[in-house]
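S.K.: Just one file: entry23.txt, with compact mmCIF, C-alpha atoms and all ligand atoms.
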# COMPACT_ATOMS: atom_id res chain seq x y z
CA MET W 456 -6.90 26.88 0.98
CA ILE W 457 -5.19 23.50 0.64
CA PRO W 458 -7.82 21.54 -1.30
CA PHE W 459 -8.78 17.99 -0.33
CA LEU W 460 -8.15 16.72 -3.83
CA ASP W 461 -7.24 18.73 -6.92
CA LEU W 462 -8.43 16.57 -9.81
CA LYS W 463 -7.74 19.32 -12.30
CA ALA W 464 -4.07 19.38 -11.28
CA ILE W 465 -3.80 15.57 -11.38
CA ASN W 466 -5.14 15.34 -14.92
CA ALA W 467 -3.26 18.46 -16.09
CA GLN W 468 0.01 16.50 -15.65
CA TYR W 469 -1.08 14.16 -18.44
CA ARG W 470 -2.91 16.69 -20.60
CA ASN W 471 -0.98 16.00 -23.79
CA GLU W 472 -1.32 12.23 -23.48
CA LEU W 473 -5.04 12.51 -22.64
CA VAL W 474 -5.75 14.86 -25.53
CA GLU W 475 -3.89 12.58 -27.91
CA ALA W 476 -5.84 9.54 -26.65
CA ALA W 477 -9.17 11.39 -26.92
CA ALA W 478 -8.34 12.49 -30.45
CA ARG W 479 -7.55 8.91 -31.38
CA VAL W 480 -11.04 7.85 -30.26
CA ILE W 481 -12.80 10.82 -31.87
CA ASP W 482 -11.06 10.18 -35.18
CA SER W 483 -11.69 6.43 -35.08
CA GLY W 484 -15.45 6.77 -35.55
CA TRP W 485 -15.93 3.81 -33.14
CA TYR W 486 -17.17 4.72 -29.65
CA ILE W 487 -18.56 1.59 -27.97
CA GLN W 488 -16.82 -1.76 -27.49
CA GLY W 489 -13.85 -1.22 -29.72
CA THR W 490 -10.08 -1.47 -29.57
CA GLU W 491 -9.55 0.93 -26.62
CA VAL W 492 -11.78 -1.06 -24.27
CA LYS W 493 -10.20 -4.30 -25.41
CA ALA W 494 -6.69 -2.93 -24.88
CA PHE W 495 -7.51 -1.44 -21.47
CA GLU W 496 -9.13 -4.68 -20.31
CA GLN W 497 -5.98 -6.58 -21.26
CA GLU W 498 -3.69 -4.00 -19.64
CA PHE W 499 -5.68 -3.86 -16.41
CA ALA W 500 -5.98 -7.66 -16.21
CA ASP W 501 -2.18 -7.84 -16.63
CA TYR W 502 -1.78 -5.16 -13.96
CA CYS W 503 -3.93 -7.11 -11.47
CA GLY W 504 -2.42 -10.43 -12.52
CA THR W 505 -5.83 -11.87 -13.43
CA LYS W 506 -6.95 -13.75 -16.51
CA HIS W 507 -9.91 -11.46 -17.22
CA CYS W 508 -10.96 -7.86 -16.86
CA ILE W 509 -14.44 -6.80 -17.97
CA GLY W 510 -15.07 -3.07 -18.35
CA VAL W 511 -18.46 -1.80 -17.16
CA ALA W 512 -20.14 1.57 -16.67
CA ASN W 513 -19.15 2.16 -13.02
CA GLY W 514 -17.99 0.50 -9.81
CA LEU W 515 -21.46 -0.14 -8.42
CA ASP W 516 -22.39 -2.01 -11.61
CA ALA W 517 -19.18 -4.05 -11.30
CA LEU W 518 -20.39 -5.38 -7.94
CA ILE W 519 -24.05 -5.73 -8.99
CA LEU W 520 -23.21 -7.62 -12.19
CA THR W 521 -20.84 -10.04 -10.46
CA LEU W 522 -23.47 -11.07 -7.91
CA ARG W 523 -26.09 -11.21 -10.66
CA ALA W 524 -23.82 -13.44 -12.77
CA TRP W 525 -23.40 -15.85 -9.86
CA LYS W 526 -27.20 -16.00 -9.65
CA GLU W 527 -27.47 -16.75 -13.36
CA MET W 528 -24.77 -19.43 -12.95
CA GLY W 529 -26.80 -21.09 -10.20
CA LYS W 530 -24.28 -20.29 -7.45
CA LEU W 531 -26.59 -17.84 -5.63
CA LYS W 532 -30.30 -17.41 -5.20
CA GLU W 533 -32.55 -14.72 -3.75
CA GLY W 534 -32.40 -14.65 0.03
CA ASP W 535 -28.82 -15.94 0.27
CA GLU W 536 -26.64 -14.05 2.72
CA VAL W 537 -23.61 -11.91 1.90
CA ILE W 538 -21.21 -10.89 4.67
CA VAL W 539 -20.08 -7.27 4.33
CA PRO W 540 -18.36 -4.78 6.69
CA ALA W 541 -20.92 -2.52 8.40
CA ASN W 542 -18.77 0.61 7.93
CA THR W 543 -18.38 0.36 4.16
CA TYR W 544 -19.40 2.92 1.59
CA ILE W 545 -23.06 2.21 0.81
CA ALA W 546 -22.37 0.98 -2.75
CA SER W 547 -21.09 -2.38 -1.43
CA VAL W 548 -24.43 -2.90 0.34
CA LEU W 549 -26.56 -1.59 -2.55
CA ALA W 550 -25.03 -4.24 -4.83
CA ILE W 551 -26.29 -6.93 -2.46
CA THR W 552 -29.83 -5.64 -1.98
CA GLU W 553 -30.18 -4.81 -5.69
CA ASN W 554 -29.81 -8.57 -6.27
CA ARG W 555 -32.39 -9.44 -3.57
CA LEU W 556 -29.62 -10.99 -1.51
CA VAL W 557 -29.38 -10.33 2.23
CA PRO W 558 -26.49 -8.21 3.56
CA VAL W 559 -25.15 -9.41 6.89
CA LEU W 560 -23.37 -6.40 8.36
CA VAL W 561 -20.27 -7.28 10.34
CA GLU W 562 -18.28 -5.01 12.63
CA PRO W 563 -14.85 -3.99 11.30
CA ASN W 564 -11.54 -3.78 13.10
CA LEU W 565 -11.39 -0.36 14.81
CA LEU W 566 -7.76 0.26 13.77
CA THR W 567 -7.68 -0.96 10.16
CA TYR W 568 -11.34 -0.08 9.41
CA ASN W 569 -11.50 -3.39 7.52
CA LEU W 570 -13.64 -6.50 7.84
CA CYS W 571 -12.63 -8.44 10.95
CA PRO W 572 -12.10 -12.10 9.92
CA LYS W 573 -13.19 -13.38 13.36
CA ASN W 574 -16.46 -11.43 13.23
CA ALA W 575 -16.98 -12.56 9.62
CA GLU W 576 -16.59 -16.23 10.52
CA ALA W 577 -18.92 -15.84 13.52
CA ALA W 578 -21.59 -14.39 11.20
CA ILE W 579 -21.69 -17.43 8.90
CA THR W 580 -25.05 -19.26 8.79
CA SER W 581 -26.49 -22.04 6.61
CA LYS W 582 -27.59 -19.29 4.17
CA THR W 583 -24.19 -17.58 3.78
CA ARG W 584 -22.82 -17.85 0.25
CA VAL W 585 -20.52 -14.85 -0.21
CA ILE W 586 -18.04 -12.74 1.72
CA LEU W 587 -17.66 -9.21 0.34
CA PRO W 588 -14.53 -7.65 1.90
CA VAL W 589 -13.91 -3.99 1.10
CA HIS W 590 -10.34 -2.66 0.86
CA LEU W 591 -11.51 0.50 2.55
CA TYR W 592 -9.54 3.73 2.14
CA GLY W 593 -7.04 1.79 -0.01
CA GLN W 594 -5.87 -0.67 2.64
CA MET W 595 -6.34 -4.32 1.81
CA ALA W 596 -8.55 -6.43 4.04
CA ASP W 597 -6.88 -9.46 5.63
CA MET W 598 -7.28 -11.56 2.47
CA PRO W 599 -5.21 -14.60 3.57
CA ALA W 600 -7.51 -15.02 6.59
CA ILE W 601 -10.68 -14.28 4.61
CA MET W 602 -9.79 -16.74 1.83
CA ASP W 603 -9.03 -19.37 4.44
CA ILE W 604 -12.49 -18.89 5.99
CA ALA W 605 -14.12 -18.93 2.54
CA ASN W 606 -12.34 -22.13 1.58
CA ARG W 607 -13.28 -23.88 4.82
CA HIS W 608 -16.96 -22.89 4.47
CA ASN W 609 -17.16 -23.19 0.69
CA LEU W 610 -18.04 -19.50 0.16
CA LEU W 611 -17.51 -17.15 -2.75
CA VAL W 612 -15.42 -14.02 -2.20
CA LEU W 613 -16.13 -10.76 -4.02
CA GLU W 614 -13.53 -8.09 -3.29
CA ASP W 615 -14.66 -4.47 -3.39
CA SER W 616 -11.41 -2.97 -4.71
CA ALA W 617 -12.92 0.40 -5.65
CA GLN W 618 -10.42 2.23 -3.43
CA ALA W 619 -7.39 -0.06 -3.68
CA HIS W 620 -6.02 -0.19 -7.24
CA GLY W 621 -2.46 -1.48 -7.05
CA ALA W 622 -2.40 -2.48 -3.37
CA SER W 623 -1.08 -5.99 -2.72
CA ILE W 624 -0.42 -8.60 -0.05
CA ASN W 625 2.49 -11.01 -0.56
CA GLY W 626 2.83 -9.65 -4.11
CA ILE W 627 -0.77 -10.58 -4.99
CA LYS W 628 -2.77 -7.53 -5.99
CA ALA W 629 -6.21 -6.38 -4.87
CA GLY W 630 -8.54 -7.93 -7.41
CA ASN W 631 -6.63 -11.20 -7.60
CA TRP W 632 -7.44 -12.66 -4.17
CA GLY W 633 -11.15 -13.38 -4.36
CA HIS W 634 -13.20 -15.23 -6.97
CA ALA W 635 -13.93 -11.82 -8.46
CA SER W 636 -13.36 -8.18 -7.68
CA GLY W 637 -15.17 -4.95 -8.48
CA PHE W 638 -13.20 -1.80 -9.35
CA SER W 639 -14.42 1.77 -9.69
CA PHE W 640 -12.70 4.30 -11.93
CA TYR W 641 -14.86 7.20 -10.73
CA SER W 642 -12.82 10.37 -11.35
CA GLY W 643 -11.78 10.76 -7.71
CA LYS W 644 -10.53 7.19 -7.29
CA ASN W 645 -6.80 6.40 -7.44
CA LEU W 646 -7.22 5.21 -11.02
CA GLY W 647 -9.80 7.71 -12.18
CA ALA W 648 -11.45 8.15 -15.57
CA LEU W 649 -12.69 11.54 -16.76
CA GLY W 650 -16.21 10.47 -15.86
CA ASP W 651 -17.75 7.21 -14.66
CA ALA W 652 -16.19 3.81 -15.35
CA GLY W 653 -15.68 0.48 -13.64
CA ALA W 654 -14.43 -3.08 -14.14
CA ILE W 655 -14.46 -6.61 -12.79
CA SER W 656 -11.33 -8.73 -12.51
CA THR W 657 -11.52 -12.51 -12.25
CA ASN W 658 -9.76 -15.72 -13.20
CA ASP W 659 -13.07 -17.53 -13.84
CA ASP W 660 -13.84 -17.97 -17.58
CA GLU W 661 -17.54 -18.71 -17.12
CA LEU W 662 -18.05 -15.79 -14.74
CA ALA W 663 -16.26 -13.41 -17.13
CA GLN W 664 -18.41 -14.50 -20.03
CA THR W 665 -21.63 -14.23 -18.02
CA ILE W 666 -20.81 -10.73 -16.75
CA ARG W 667 -19.89 -9.62 -20.26
CA ALA W 668 -23.27 -10.80 -21.54
CA LEU W 669 -25.24 -9.31 -18.61
CA GLY W 670 -23.72 -5.87 -19.19
CA ASN W 671 -24.59 -6.01 -22.87
CA TYR W 672 -28.38 -6.65 -22.78
CA GLY W 673 -27.74 -10.27 -21.77
CA SER W 674 -26.13 -10.98 -25.11
CA ASN W 675 -22.82 -12.52 -26.16
CA LYS W 676 -23.88 -12.60 -29.78
CA LYS W 677 -25.65 -9.73 -31.51
CA TYR W 678 -29.45 -10.04 -31.36
CA GLU W 679 -29.31 -13.26 -29.31
CA ASN W 680 -30.21 -12.73 -25.66
CA LEU W 681 -29.35 -15.35 -23.07
CA TYR W 682 -30.34 -13.24 -20.04
CA GLN W 683 -32.56 -10.31 -19.15
CA GLY W 684 -29.47 -8.11 -19.08
CA VAL W 685 -28.74 -4.42 -18.70
CA ASN W 686 -26.65 -1.87 -20.56
CA SER W 687 -23.48 -1.30 -18.54
CA ARG W 688 -20.45 -0.85 -20.74
CA LEU W 689 -17.15 0.97 -20.50
CA ASP W 690 -16.96 3.67 -23.19
CA GLU W 691 -14.07 3.80 -25.67
CA ILE W 692 -13.24 7.36 -24.63
CA GLN W 693 -12.99 6.47 -20.93
CA ALA W 694 -10.95 3.34 -21.73
CA ALA W 695 -8.55 5.57 -23.66
CA MET W 696 -8.29 7.97 -20.68
CA LEU W 697 -7.73 5.04 -18.31
CA ARG W 698 -4.94 3.59 -20.46
CA VAL W 699 -3.07 6.87 -20.01
CA LYS W 700 -3.78 7.04 -16.27
CA LEU W 701 -2.82 3.39 -15.67
CA ARG W 702 0.69 4.09 -16.96
CA HIS W 703 1.17 6.58 -14.11
CA LEU W 704 -0.72 4.76 -11.36
CA ASP W 705 2.26 3.18 -9.59
CA THR W 706 4.15 6.49 -9.45
CA GLU W 707 1.07 8.22 -8.02
CA THR W 708 0.49 5.46 -5.47
CA GLN W 709 4.08 5.64 -4.32
CA ARG W 710 3.68 9.40 -3.79
CA ARG W 711 0.48 8.79 -1.79
CA ARG W 712 2.43 6.39 0.46
CA GLU W 713 5.17 8.97 0.95
CA VAL W 714 2.61 11.59 1.94
CA ALA W 715 0.98 9.18 4.40
CA LEU W 716 4.36 8.35 5.96
CA SER W 717 5.16 12.07 6.29
CA TYR W 718 1.85 12.58 8.08
CA VAL W 719 2.33 9.73 10.58
CA LYS W 720 5.94 10.66 11.26
CA GLY W 721 5.08 14.35 11.66
CA ILE W 722 1.78 14.35 13.54
CA THR W 723 2.52 13.98 17.24
CA ASN W 724 -0.61 15.55 18.73
CA PRO W 725 -1.91 13.00 21.29
CA ALA W 726 -5.52 13.95 20.44
CA ILE W 727 -5.05 12.28 17.05
CA LYS W 728 -5.14 8.55 16.39
CA LEU W 729 -3.20 7.77 13.22
CA PRO W 730 -4.17 5.04 10.72
CA ILE W 731 -0.70 3.42 10.55
CA SER W 732 2.35 3.23 12.77
CA PRO W 733 5.04 5.89 12.25
CA ASP W 734 7.63 3.08 12.42
CA LEU W 735 6.55 1.66 9.06
CA THR W 736 8.70 2.07 5.96
CA LEU W 737 7.70 2.76 2.37
CA GLU W 738 8.50 -0.85 1.48
CA SER W 739 6.10 -2.18 4.10
CA LEU W 740 3.15 -0.19 2.72
CA ALA W 741 2.46 -2.32 -0.36
CA ASN W 742 -0.89 -3.35 1.14
CA HIS W 743 -2.12 0.25 1.23
CA ALA W 744 -2.84 2.44 -1.80
CA PHE W 745 -3.84 5.41 0.44
CA HIS W 746 -6.93 6.40 -1.47
CA LEU W 747 -7.71 8.24 1.76
CA PHE W 748 -5.76 9.18 4.87
CA VAL W 749 -8.29 8.65 7.66
CA MET W 750 -7.37 9.56 11.23
CA GLN W 751 -9.53 9.55 14.35
CA THR W 752 -10.14 12.08 17.08
CA LYS W 753 -12.72 12.34 19.86
CA ASN W 754 -13.87 15.84 19.10
CA ARG W 755 -13.95 15.45 15.33
CA ASP W 756 -16.30 18.26 14.32
CA ASN W 757 -14.24 20.67 16.42
CA LEU W 758 -11.01 19.58 14.71
CA GLN W 759 -12.58 19.83 11.28
CA GLU W 760 -13.77 23.38 12.01
CA TYR W 761 -10.30 24.30 13.28
CA LEU W 762 -8.65 22.94 10.13
CA THR W 763 -11.15 24.71 7.86
CA GLU W 764 -10.39 27.99 9.61
CA ALA W 765 -6.68 27.29 9.13
CA GLY W 766 -7.23 26.79 5.39
CA ILE W 767 -7.14 23.01 5.19
CA GLN W 768 -10.01 21.21 3.51
CA THR W 769 -10.93 17.88 5.14
CA LEU W 770 -13.78 15.43 4.49
CA ILE W 771 -15.54 12.65 6.38
CA HIS W 772 -15.61 9.18 4.79
CA TYR W 773 -18.37 8.58 5.69
CA PRO W 774 -20.61 10.57 8.03
CA ILE W 775 -23.51 8.05 8.14
CA PRO W 776 -23.10 4.24 8.04
CA PRO W 777 -25.43 2.19 5.77
CA HIS W 778 -27.55 0.89 8.67
CA LYS W 779 -28.41 4.47 9.70
CA GLN W 780 -29.48 5.54 6.22
CA LYS W 781 -33.11 6.24 5.33
CA ALA W 782 -32.64 3.84 2.40
CA TYR W 783 -32.29 1.01 4.94
CA GLU W 784 -34.89 2.17 7.41
CA ALA W 785 -35.56 -1.35 8.68
CA TRP W 786 -32.02 -1.49 10.13
CA ASN W 787 -32.04 1.98 11.69
CA SER W 788 -32.48 0.65 15.22
CA SER W 789 -29.66 -1.92 14.90
CA VAL W 790 -26.56 -1.14 16.91
CA TYR W 791 -23.01 -1.52 15.59
CA PRO W 792 -20.87 0.21 18.25
CA ILE W 793 -17.50 -0.06 16.46
CA THR W 794 -18.93 1.16 13.17
CA GLU W 795 -20.76 4.02 14.88
CA ALA W 796 -17.66 5.02 16.85
CA ILE W 797 -15.67 5.10 13.61
CA HIS W 798 -18.22 7.30 11.88
CA GLN W 799 -18.16 9.74 14.80
CA LYS W 800 -14.38 10.00 15.05
CA ILE W 801 -12.97 9.85 11.53
CA LEU W 802 -11.57 12.73 9.52
CA SER W 803 -9.78 12.50 6.16
CA LEU W 804 -6.76 14.74 5.48
CA PRO W 805 -5.83 15.87 1.97
CA ILE W 806 -3.83 13.12 0.28
CA SER W 807 -3.11 13.20 -3.39
CA PRO W 808 -0.13 12.74 -5.65
CA MET W 809 -0.16 16.51 -6.24
CA ILE W 810 0.20 17.71 -2.66
CA GLU W 811 3.47 19.61 -2.12
CA ASP W 812 6.00 18.95 0.64
CA ASP W 813 5.55 22.45 2.08
CA GLU W 814 1.79 21.89 2.23
CA ILE W 815 2.33 18.64 4.14
CA ILE W 816 4.62 20.44 6.59
CA GLU W 817 2.03 23.19 7.00
CA ILE W 818 -0.78 20.70 7.66
CA ILE W 819 1.33 18.78 10.20
CA GLY W 820 2.23 22.01 12.01
CA ILE W 821 -1.37 23.16 12.21
CA ILE W 822 -2.56 19.78 13.50
CA ASN W 823 0.21 19.63 16.10
CA SER W 824 -0.79 23.03 17.49
CA TYR W 825 -4.44 21.98 17.78
CA GLU W 826 -5.60 21.95 21.38
CA SER W 827 -8.53 19.66 21.76
CA ASN W 828 -11.32 21.13 23.90
CA ASN W 829 -12.80 17.94 25.23
CA GLY W 830 -9.87 15.54 25.01
C1 LIG B 901 -16.59 4.36 -5.23
C2 LIG B 901 -16.97 3.09 -4.58
C3 LIG B 901 -17.90 2.20 -5.14
C4 LIG B 901 -18.76 2.56 -6.31
O1 LIG B 901 -18.10 2.95 -7.44
P1 LIG B 901 -18.80 3.94 -8.49
O2 LIG B 901 -17.90 3.90 -9.67
O3 LIG B 901 -18.89 5.28 -7.87
O4 LIG B 901 -20.16 3.37 -8.80
C5 LIG B 901 -18.10 0.98 -4.53
N1 LIG B 901 -17.46 0.66 -3.40
C6 LIG B 901 -16.59 1.49 -2.80
C7 LIG B 901 -15.90 1.05 -1.56
C8 LIG B 901 -16.32 2.73 -3.37
O5 LIG B 901 -15.46 3.56 -2.76
Do you think you could lay out the structure here as structure tokens?

M.R.:
Amino acid sequence: MIPFLDLKAINAQYRNELVEAAARVIDSGWYIQGTEVKAFEQEFADYCGTKHCIGVANGLDALILTLRAWKEMGKLKEGDEVIVPANTYIASVLAITENRLVPVLVEPNLLTYNLCPKNAEAAITSKTRVILPVHLYGQMADMPAIMDIANRHNLLVLEDSAQAHGASINGIKAGNWGHASGFSFYSGKNLGALGDAGAISTNDDELAQTIRALGNYGSNKKYENLYQGVNSRLDEIQAAMLRVKLRHLDTETQRRREVALSYVKGITNPAIKLPISPDLTLESLANHAFHLFVMQTKNRDNLQEYLTEAGIQTLIHYPIPPHKQKAYEAWNSSVYPITEAIHQKILSLPISPMIEDDEIIEIIGIINSYESNNG
């Protein structure tokens, strides 16, 4: 079986460095808000090119706390609208509703899977305050167009960069386009901790300070509470793991891009719609960190079964869109044809920095000999 993602193999490459970093934390006697978190925050801010990075407990909290901070700063209030792509992973939407803000689901572009700037602009009302683009599957949303819309309509932009560490447009990284950005370091993400972790990047001093307080019981000074905060902090041990992993991120991302290019150059089966053009070069893929390689096919379940039988593990990201979830029952009858078509047709192939060339060749061969039953 070619596994979808072999996390054990990814982390085994860095075992000595990880063990050394863990030992450093264990021996320090200091496990919360110490030197490792501080150093990682600086290193990741430098990596993104932003002034601040604030470590938090996970990616969902990164999004929740940013919106919450804007509420505390008087920039948002309950009932304000947030524009978000309808096909996103549910966490982007949960962050909005958790803050009693109103998600306005917008149809994505069928080819890039990302927020369509035209649809986003058409969805703006007098209550819109935020656009929340998601760099889905690792590919950056059209940030120049989205920032232009935001500037013209005086809106805040919160990037969901949970899948796009290191991707960039015009040399500007994911996390440095919007007014703030949420990152996840969930183990399976491109920059993955050995457990849960997350962060916010921003260039806004006041926002950074407010988020920092909110994630620490609402306190910037011990035993003085400015806000009714929560406990959402990045642990020293995870910060130490992330410092190791960050040093290897660009090499891993480059390998992911190579794998993606091999797939699109090799897969010629007309039943498959590929996520990028086979004419692209490695240099032109800076905007895509290939967290996932998501292709489309009409008879998806049939293809997935075929690949499973051939020993290739695939996954669906994601089988049910937010508006069809029980959690959002009130929206269940809404219709988003592009989003629903995407969810019916998508299939994710194994893509990881550990996949071997002969495995890629095997996968391509098996897909090319697939004969689709119903077109
Ligand atoms: C993973 C993910 C999140 C949530 O991150 P967690 O660390 O799992 O809480 C948010 N948005 C997107 C797009 C994600 O992929």

S.K.: Restricting the calculation to all atoms listed in the file, which member of W:Phe748, W:Trp485, W:Phe640, W:Trp632 is positioned closest to ligand LIG 901 (chain B)?

M.R.: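 The shortest atom-to-atom distance to ligand LIG 901 (chain B) comes from W:Phe640.
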
S.K.: Return the single residue from W:Asp482, W:Glu527, W:Glu614, W:Asp461 that is closest to ligand LIG 901 (chain B), with distances computed using only C-alpha atoms and all ligand atoms.

M.R.: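 With only C-alpha atoms and all ligand atoms as the atom set, the closest residue is W:Glu614.
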
S.K.: Report as a ChimeraX atom specification all protein, DNA and RNA residues lying within 9 Å of region 696-711 of chain W, evaluated on all atoms listed in the file, omitting residues in the same chain fewer than 2 positions from it.

M.R.: /W:466,469,472-474,476-477,491,494-495,498-499,502,620-622,640,645-649,691-694,713-716,737,743-747,806-810

S.K.: As lines of an AutoDock Vina configuration file, what would the box around ligand LIG 901 (chain B) look like: edges along x, y and z, 5 Å added on every side, centre and edge lengths in Å to one decimal?

M.R.:
center_x = -17.8
center_y = 3.0
center_z = -5.6
size_x = 14.7
size_y = 14.6
size_z = 18.1

S.K.: Using only C-alpha atoms for the distances, tell me which of W:Ile545, W:Leu515, W:Met598, W:Ile538 is nearest to Lys779 (chain W).

M.R.: W:Ile545

S.K.: Which residue is closest to Val559 (chain W)? Choose from W:Ile579, W:Ala629, W:Leu729, W:Leu531 and count all atoms listed in the file.

M.R.: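 Under the stated criterion, the closest residue is W:Ile579.
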
S.K.: Given all atoms listed in the file as the basis, pick out the residue of W:Val589, W:Leu669, W:Leu549, W:Ala467 nearest to Cys571 (chain W).

M.R.: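 When distances to Cys571 (chain W) are compared using all atoms listed in the file, the smallest one comes from W:Val589.
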
S.K.: Could you tell me which of W:Leu770, W:Ala617, W:Ile519, W:Ala600 comes closest to ligand LIG 901 (chain B) if we count all atoms listed in the file?

M.R.: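 Smallest distance to ligand LIG 901 (chain B) is found for W:Ala617.
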
S.K.: To check your reading of the model: which residues sit at most 8 Å from ligand LIG 901 (chain B) when counting all atoms listed in the file? Write the answer as a short mmCIF file (atom, residue, chain, number, x, y, z; two decimals) with C-alpha atoms, in the coordinates of the input.

M.R.:
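Everything below was put into result_32.cif:
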data_model
loop_
_atom_site.label_atom_id
_atom_site.label_comp_id
_atom_site.auth_asym_id
_atom_site.auth_seq_id
_atom_site.Cartn_x
_atom_site.Cartn_y
_atom_site.Cartn_z
CA ALA W 512 -20.14 1.57 -16.67
CA ASN W 513 -19.15 2.16 -13.02
CA GLY W 514 -17.99 0.50 -9.81
CA LEU W 515 -21.46 -0.14 -8.42
CA ASP W 516 -22.39 -2.01 -11.61
CA ALA W 517 -19.18 -4.05 -11.30
CA LEU W 518 -20.39 -5.38 -7.94
CA THR W 543 -18.38 0.36 4.16
CA TYR W 544 -19.40 2.92 1.59
CA ILE W 545 -23.06 2.21 0.81
CA ALA W 546 -22.37 0.98 -2.75
CA SER W 547 -21.09 -2.38 -1.43
CA VAL W 589 -13.91 -3.99 1.10
CA HIS W 590 -10.34 -2.66 0.86
CA LEU W 591 -11.51 0.50 2.55
CA TYR W 592 -9.54 3.73 2.14
CA ASP W 615 -14.66 -4.47 -3.39
CA SER W 616 -11.41 -2.97 -4.71
CA ALA W 617 -12.92 0.40 -5.65
CA GLN W 618 -10.42 2.23 -3.43
CA GLY W 637 -15.17 -4.95 -8.48
CA PHE W 638 -13.20 -1.80 -9.35
CA SER W 639 -14.42 1.77 -9.69
CA PHE W 640 -12.70 4.30 -11.93
CA TYR W 641 -14.86 7.20 -10.73
CA LYS W 644 -10.53 7.19 -7.29
CA ASP W 651 -17.75 7.21 -14.66
CA ALA W 652 -16.19 3.81 -15.35
CA GLY W 653 -15.68 0.48 -13.64
#

S.K.: With a distance cut-off of 6 Å and all atoms listed in the file, select the neighbouring residues of region 682-690 of chain W, excluding the residue or stretch itself and same-chain residues fewer than 6 positions from it, and output the selection as a list in words.

M.R.: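 My reading of the contact set: Ile487, Gly510, Val511, Ala512, Ala652, Leu669, Gly670, Asn671, Tyr672 and Gly673 of chain W.
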
S.K.: What does the distance from CA of Pro792 (chain W) to CA of Ile586 (chain W) come to in Å, to one decimal?

M.R.: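 Rounded to one decimal, the two atoms are 21.2 Å apart.
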
S.K.: Could you jot down the CA of Met602 (chain W) to CA of Trp525 (chain W) separation for me, Å, one decimal place?

M.R.: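 Going from CA of Met602 (chain W) over to CA of Trp525 (chain W) covers 18.0 Å.
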
S.K.: So that I can see what lies close to region 756-759 of chain W, please list as a PyMOL selection string the residues with an atom at most 10 Å from it, counting all atoms listed in the file and leaving out residues fewer than 3 positions away in the same chain.

M.R.: chain W and resi 726-727+752-753+762-765+767-771+799-804+822+825-829

S.K.: Can you measure CA of Leu740 (chain W) to CA of Glu562 (chain W) for me? One decimal in Å is fine.

M.R.: 24.1 Å

S.K.: Skip His778 (chain W) itself and residues of its chain fewer than 6 positions away, then list as a VMD selection string all residues within 8 Å of it, counting only C-alpha atoms.

M.R.: chain W and resid 541 784 786 to 787 789
